[in-house]
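Source file: query07.cif; contents: mmCIF, N, CA, C and O atoms.
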```cif
data_query
#
loop_
_atom_site.label_atom_id
_atom_site.label_comp_id
_atom_site.auth_asym_id
_atom_site.auth_seq_id
_atom_site.Cartn_x
_atom_site.Cartn_y
_atom_site.Cartn_z
N MET A 446 -27.03 1.86 3.16
CA MET A 446 -26.33 0.81 3.86
C MET A 446 -25.17 0.34 3.00
O MET A 446 -25.19 0.48 1.78
N ALA A 447 -24.16 -0.18 3.64
CA ALA A 447 -22.99 -0.72 2.94
C ALA A 447 -22.92 -2.22 3.22
O ALA A 447 -23.01 -2.63 4.37
N GLN A 448 -22.78 -3.00 2.15
CA GLN A 448 -22.72 -4.46 2.28
C GLN A 448 -21.63 -5.01 1.40
O GLN A 448 -21.50 -4.60 0.24
N ALA A 449 -20.87 -5.94 1.95
CA ALA A 449 -19.88 -6.65 1.13
C ALA A 449 -20.62 -7.53 0.14
O ALA A 449 -21.59 -8.19 0.49
N ASP A 450 -20.16 -7.50 -1.11
CA ASP A 450 -20.75 -8.33 -2.17
C ASP A 450 -19.58 -8.90 -2.96
O ASP A 450 -19.07 -8.26 -3.88
N GLY A 451 -19.12 -10.07 -2.57
CA GLY A 451 -17.93 -10.63 -3.17
C GLY A 451 -16.72 -9.80 -2.77
O GLY A 451 -16.49 -9.55 -1.60
N ARG A 452 -15.96 -9.31 -3.76
CA ARG A 452 -14.79 -8.46 -3.50
C ARG A 452 -15.11 -6.98 -3.65
O ARG A 452 -14.23 -6.15 -3.81
N THR A 453 -16.39 -6.64 -3.61
CA THR A 453 -16.85 -5.27 -3.80
C THR A 453 -17.70 -4.85 -2.61
O THR A 453 -18.36 -5.67 -1.99
N LEU A 454 -17.70 -3.55 -2.32
CA LEU A 454 -18.57 -2.99 -1.29
C LEU A 454 -19.73 -2.32 -2.02
O LEU A 454 -19.54 -1.41 -2.83
N ALA A 455 -20.93 -2.80 -1.78
CA ALA A 455 -22.13 -2.26 -2.43
C ALA A 455 -22.81 -1.29 -1.48
O ALA A 455 -23.05 -1.61 -0.32
N ILE A 456 -23.11 -0.08 -1.98
CA ILE A 456 -23.82 0.92 -1.19
C ILE A 456 -25.25 0.96 -1.72
O ILE A 456 -25.47 1.15 -2.92
N ARG A 457 -26.21 0.76 -0.81
CA ARG A 457 -27.62 0.69 -1.19
C ARG A 457 -28.45 1.64 -0.33
O ARG A 457 -28.08 1.92 0.81
N HIS A 458 -29.58 2.07 -0.87
CA HIS A 458 -30.55 2.82 -0.08
C HIS A 458 -31.10 1.89 0.98
O HIS A 458 -31.41 0.72 0.70
N ILE A 459 -31.26 2.38 2.18
CA ILE A 459 -31.64 1.53 3.30
C ILE A 459 -33.06 0.96 3.17
O ILE A 459 -33.30 -0.17 3.51
N PHE A 460 -34.00 1.74 2.67
CA PHE A 460 -35.38 1.26 2.64
C PHE A 460 -35.73 0.50 1.36
O PHE A 460 -36.46 -0.48 1.40
N SER A 461 -35.20 0.92 0.23
CA SER A 461 -35.53 0.26 -1.03
C SER A 461 -34.51 -0.80 -1.42
O SER A 461 -34.79 -1.63 -2.27
N ALA A 462 -33.31 -0.75 -0.82
CA ALA A 462 -32.20 -1.65 -1.14
C ALA A 462 -31.69 -1.46 -2.57
O ALA A 462 -30.93 -2.28 -3.07
N ARG A 463 -32.09 -0.35 -3.22
CA ARG A 463 -31.56 -0.05 -4.56
C ARG A 463 -30.09 0.27 -4.45
O ARG A 463 -29.66 1.03 -3.58
N GLU A 464 -29.32 -0.28 -5.36
CA GLU A 464 -27.88 -0.03 -5.36
C GLU A 464 -27.59 1.38 -5.88
O GLU A 464 -28.13 1.80 -6.89
N VAL A 465 -26.73 2.10 -5.16
CA VAL A 465 -26.35 3.46 -5.54
C VAL A 465 -24.97 3.45 -6.18
O VAL A 465 -24.76 4.09 -7.20
N VAL A 466 -24.04 2.73 -5.59
CA VAL A 466 -22.67 2.68 -6.11
C VAL A 466 -21.99 1.41 -5.59
O VAL A 466 -22.38 0.86 -4.57
N ARG A 467 -20.98 0.97 -6.34
CA ARG A 467 -20.15 -0.15 -5.92
C ARG A 467 -18.73 0.38 -5.76
O ARG A 467 -18.25 1.13 -6.59
N ILE A 468 -18.09 -0.02 -4.68
CA ILE A 468 -16.72 0.42 -4.41
C ILE A 468 -15.82 -0.81 -4.50
O ILE A 468 -16.00 -1.78 -3.76
N ASP A 469 -14.87 -0.74 -5.42
CA ASP A 469 -13.92 -1.83 -5.62
C ASP A 469 -12.52 -1.28 -5.41
O ASP A 469 -12.15 -0.29 -6.04
N ARG A 470 -11.78 -1.87 -4.51
CA ARG A 470 -10.44 -1.40 -4.17
C ARG A 470 -9.47 -2.58 -4.20
O ARG A 470 -9.87 -3.73 -4.32
N ASP A 471 -8.20 -2.27 -4.06
CA ASP A 471 -7.15 -3.28 -3.97
C ASP A 471 -7.09 -3.78 -2.53
O ASP A 471 -6.13 -3.54 -1.81
N TRP A 472 -8.18 -4.45 -2.10
CA TRP A 472 -8.24 -4.97 -0.74
C TRP A 472 -7.07 -5.92 -0.49
O TRP A 472 -6.60 -6.57 -1.40
N ALA A 473 -6.63 -6.01 0.76
CA ALA A 473 -5.53 -6.91 1.11
C ALA A 473 -5.89 -8.35 0.73
O ALA A 473 -6.98 -8.82 1.07
N PRO A 474 -4.99 -9.05 0.02
CA PRO A 474 -5.29 -10.42 -0.36
C PRO A 474 -5.39 -11.32 0.88
O PRO A 474 -4.73 -11.08 1.89
N GLY A 475 -6.25 -12.32 0.77
CA GLY A 475 -6.45 -13.24 1.87
C GLY A 475 -7.47 -12.77 2.88
O GLY A 475 -7.83 -13.51 3.79
N LEU A 476 -7.95 -11.54 2.72
CA LEU A 476 -8.98 -11.01 3.61
C LEU A 476 -10.26 -10.79 2.82
O LEU A 476 -10.22 -10.41 1.66
N SER A 477 -11.39 -11.01 3.48
CA SER A 477 -12.66 -10.65 2.85
C SER A 477 -12.77 -9.13 2.89
O SER A 477 -12.02 -8.45 3.59
N VAL A 478 -13.72 -8.58 2.17
CA VAL A 478 -13.95 -7.14 2.21
C VAL A 478 -14.26 -6.71 3.64
O VAL A 478 -13.74 -5.71 4.13
N ASP A 479 -15.09 -7.50 4.34
CA ASP A 479 -15.43 -7.20 5.73
C ASP A 479 -14.18 -7.13 6.61
O ASP A 479 -14.08 -6.28 7.49
N GLU A 480 -13.25 -8.03 6.40
CA GLU A 480 -12.03 -8.07 7.21
C GLU A 480 -11.06 -6.95 6.83
O GLU A 480 -10.35 -6.42 7.69
N ALA A 481 -11.02 -6.58 5.55
CA ALA A 481 -10.11 -5.54 5.09
C ALA A 481 -10.55 -4.15 5.55
O ALA A 481 -9.72 -3.28 5.79
N ILE A 482 -11.85 -3.95 5.70
CA ILE A 482 -12.36 -2.66 6.16
C ILE A 482 -12.18 -2.57 7.67
O ILE A 482 -12.72 -3.37 8.42
N GLN A 483 -11.42 -1.59 8.09
CA GLN A 483 -11.13 -1.39 9.50
C GLN A 483 -12.12 -0.46 10.17
O GLN A 483 -12.41 -0.60 11.35
N GLN A 484 -12.62 0.52 9.41
CA GLN A 484 -13.59 1.47 9.94
C GLN A 484 -14.43 1.98 8.78
O GLN A 484 -13.91 2.25 7.70
N ILE A 485 -15.73 2.14 9.04
CA ILE A 485 -16.63 2.65 8.01
C ILE A 485 -17.74 3.43 8.69
O ILE A 485 -18.25 3.01 9.73
N GLN A 486 -18.08 4.59 8.11
CA GLN A 486 -19.12 5.42 8.71
C GLN A 486 -19.69 6.37 7.67
O GLN A 486 -18.95 7.00 6.92
N PHE A 487 -21.01 6.46 7.63
CA PHE A 487 -21.65 7.49 6.81
C PHE A 487 -21.61 8.79 7.59
O PHE A 487 -21.97 8.82 8.77
N GLU A 488 -21.17 9.86 6.94
CA GLU A 488 -21.07 11.16 7.59
C GLU A 488 -22.29 12.01 7.29
O GLU A 488 -23.05 11.71 6.36
N LEU A 489 -22.48 13.05 8.07
CA LEU A 489 -23.66 13.91 7.91
C LEU A 489 -23.75 14.56 6.55
O LEU A 489 -24.84 14.86 6.05
N ASP A 490 -22.60 14.81 5.90
CA ASP A 490 -22.60 15.45 4.58
C ASP A 490 -22.89 14.45 3.45
O ASP A 490 -22.83 14.80 2.28
N GLY A 491 -23.19 13.20 3.81
CA GLY A 491 -23.55 12.20 2.81
C GLY A 491 -22.39 11.37 2.30
O GLY A 491 -22.57 10.44 1.53
N ARG A 492 -21.17 11.71 2.74
CA ARG A 492 -20.01 10.93 2.29
C ARG A 492 -19.79 9.74 3.20
O ARG A 492 -20.25 9.69 4.33
N LEU A 493 -19.06 8.79 2.65
CA LEU A 493 -18.72 7.59 3.38
C LEU A 493 -17.24 7.68 3.76
O LEU A 493 -16.38 7.82 2.89
N ALA A 494 -16.95 7.63 5.05
CA ALA A 494 -15.56 7.61 5.53
C ALA A 494 -15.18 6.13 5.66
O ALA A 494 -15.90 5.35 6.27
N LEU A 495 -14.05 5.79 5.08
CA LEU A 495 -13.67 4.39 4.95
C LEU A 495 -12.18 4.23 5.21
O LEU A 495 -11.37 4.92 4.59
N SER A 496 -11.81 3.36 6.13
CA SER A 496 -10.41 3.00 6.37
C SER A 496 -10.28 1.51 6.10
O SER A 496 -11.05 0.70 6.63
N TRP A 497 -9.31 1.16 5.24
CA TRP A 497 -9.20 -0.23 4.81
C TRP A 497 -7.74 -0.62 4.58
O TRP A 497 -6.88 0.24 4.44
N LEU A 498 -7.50 -1.93 4.55
CA LEU A 498 -6.15 -2.45 4.35
C LEU A 498 -5.93 -2.71 2.87
O LEU A 498 -6.71 -3.43 2.23
N LYS A 499 -4.85 -2.12 2.33
CA LYS A 499 -4.58 -2.17 0.89
C LYS A 499 -3.44 -3.13 0.57
O LYS A 499 -2.38 -3.09 1.19
N GLY A 500 -3.68 -3.94 -0.45
CA GLY A 500 -2.63 -4.77 -1.05
C GLY A 500 -1.94 -5.74 -0.10
O GLY A 500 -2.32 -5.88 1.06
N PRO A 501 -0.90 -6.41 -0.62
CA PRO A 501 -0.21 -7.43 0.17
C PRO A 501 0.51 -6.86 1.40
O PRO A 501 0.69 -7.56 2.38
N GLY A 502 0.88 -5.57 1.37
CA GLY A 502 1.54 -4.96 2.51
C GLY A 502 0.57 -4.53 3.60
O GLY A 502 0.97 -4.09 4.68
N ARG A 503 -0.72 -4.64 3.31
CA ARG A 503 -1.80 -4.27 4.25
C ARG A 503 -1.63 -2.85 4.79
O ARG A 503 -1.81 -2.59 5.98
N GLU A 504 -1.32 -1.94 3.89
CA GLU A 504 -1.20 -0.52 4.22
C GLU A 504 -2.58 0.03 4.55
O GLU A 504 -3.54 -0.20 3.82
N LEU A 505 -2.69 0.78 5.65
CA LEU A 505 -3.96 1.37 6.03
C LEU A 505 -4.22 2.61 5.19
O LEU A 505 -3.41 3.53 5.14
N VAL A 506 -5.35 2.62 4.49
CA VAL A 506 -5.76 3.74 3.64
C VAL A 506 -7.06 4.30 4.20
O VAL A 506 -7.97 3.55 4.52
N THR A 507 -7.13 5.62 4.31
CA THR A 507 -8.35 6.28 4.75
C THR A 507 -8.81 7.22 3.64
O THR A 507 -8.01 7.95 3.09
N GLU A 508 -10.08 7.14 3.31
CA GLU A 508 -10.63 8.00 2.26
C GLU A 508 -12.07 8.35 2.57
O GLU A 508 -12.71 7.70 3.40
N ARG A 509 -12.55 9.38 1.90
CA ARG A 509 -13.96 9.77 1.97
C ARG A 509 -14.52 9.68 0.57
O ARG A 509 -13.98 10.25 -0.37
N VAL A 510 -15.62 8.96 0.43
CA VAL A 510 -16.23 8.72 -0.87
C VAL A 510 -17.60 9.41 -0.91
O VAL A 510 -18.41 9.26 0.01
N THR A 511 -17.83 10.18 -1.96
CA THR A 511 -19.13 10.82 -2.14
C THR A 511 -20.13 9.77 -2.60
O THR A 511 -19.88 9.04 -3.55
N VAL A 512 -21.24 9.71 -1.91
CA VAL A 512 -22.31 8.76 -2.25
C VAL A 512 -23.50 9.56 -2.75
O VAL A 512 -24.02 10.41 -2.03
N GLN A 513 -23.90 9.30 -3.98
CA GLN A 513 -25.03 10.00 -4.57
C GLN A 513 -26.31 9.60 -3.84
O GLN A 513 -26.46 8.46 -3.43
N SER A 514 -27.24 10.52 -3.70
CA SER A 514 -28.49 10.21 -3.04
C SER A 514 -29.45 9.47 -3.96
O SER A 514 -30.41 8.86 -3.51
N MET A 515 -29.18 9.52 -5.27
CA MET A 515 -30.02 8.80 -6.24
C MET A 515 -29.17 7.74 -6.93
O MET A 515 -27.99 7.95 -7.17
N ALA A 516 -29.79 6.62 -7.27
CA ALA A 516 -29.08 5.55 -7.98
C ALA A 516 -28.68 6.04 -9.36
O ALA A 516 -29.39 6.81 -10.00
N ARG A 517 -27.51 5.58 -9.81
CA ARG A 517 -27.03 5.96 -11.15
C ARG A 517 -27.63 5.09 -12.21
O ARG A 517 -27.95 4.00 -12.06
#
```
Just give me the structure as structure tokens.
Amino acid sequence: MAQADGRTLAIRHIFSAREVVRIDRDWAPGLSVDEAIQQIQFELDGRLALSWLKGPGRELVTERVTVQSMAR
């Protein structure tokens, strides 16, 4: 699962809630992480597809992030 935690996006295992990774980006100022993220989806290959608003210009950025199946 993905949850906003302050200015960071925390990725956790759904059943144990153990944290796997934290994603910190140059989110658009004045927006919460929830508001800056425009689209988010876990893909079948285990990666996280993420579209978010970057920086003061609120440029839309789309990326795929590899999420480890085990906590680091």
Name the residues of chain A that fall into helix (DSSP H, G or I) according to DSSP on the backbone, using the chain letters and numbers of this document, as a count of residues only. 4
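Note that CA of Ser496 (chain A) and CA of Thr511 (chain A) are 14.5 Å apart.
Residues surrounding Ile485 (chain A) within 8 Å are Leu493, Ala494, Leu495, Ser496, Trp497 and Glu508 of chain A [all atoms listed in the file; sequence separation below 4 positions excluded].
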Find the distance between CA of Lys499 (chain A) and CA of His458 (chain A) and write it in Å to one decimal.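 Answer for the CA of Lys499 (chain A) to CA of His458 (chain A) separation: 26.5 Å.
Each of A:Leu454, A:Val466, A:Ile459, A:Ala473 was checked against Gly502 (chain A) using all atoms listed in the file; the smallest atom-to-atom distance is that of A:Ala473.
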Could you check the closest approach to Gln484 (chain A) for each of A:Asp450, A:Pro501, A:Glu464, A:Val506 and tell me which residue wins, using all atoms listed in the file?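 Answer, going by the shortest atom-to-atom distance: A:Val506.
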Among listed residues A:Phe487, A:Leu498, A:Arg463, A:Thr453, nearest Gly475 (chain A) (using only C-alpha atoms):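 Closest to Gly475 (chain A), using only C-alpha atoms: A:Leu498.
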Could you pull out all residues of chain A with a DSSP call of strand (DSSP E) and give them as a PyMOL selection string? chain A and resi 447-450+453-457+464-468+482-487+492-499+504-511
Considering all atoms listed in the file, can you say which of A:Ala462, A:Val510, A:Arg503, A:Asp469 comes closest to Ala481 (chain A)?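 Looking at the shortest contact to Ala481 (chain A), the residue is A:Arg503.
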Among the residues A:Val512, A:Ala455, A:Met446, A:Val465, the one that comes closest to Val478 (chain A) [using only C-alpha atoms]: A:Ala455
Could you list the residues chosen by the PyMOL selection byres (((chain A and resi 471 and name CA) around 6) and name CA) in this structure as a list in words?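 This file, filtered by the PyMOL selection byres (((chain A and resi 471 and name CA) around 6) and name CA), leaves Arg470, Trp472, Lys499 and Gly500 of chain A.
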One number please: CA of Ala449 (chain A) to atom C of Glu480 (chain A), in Å, one decimal. 10.5 Å
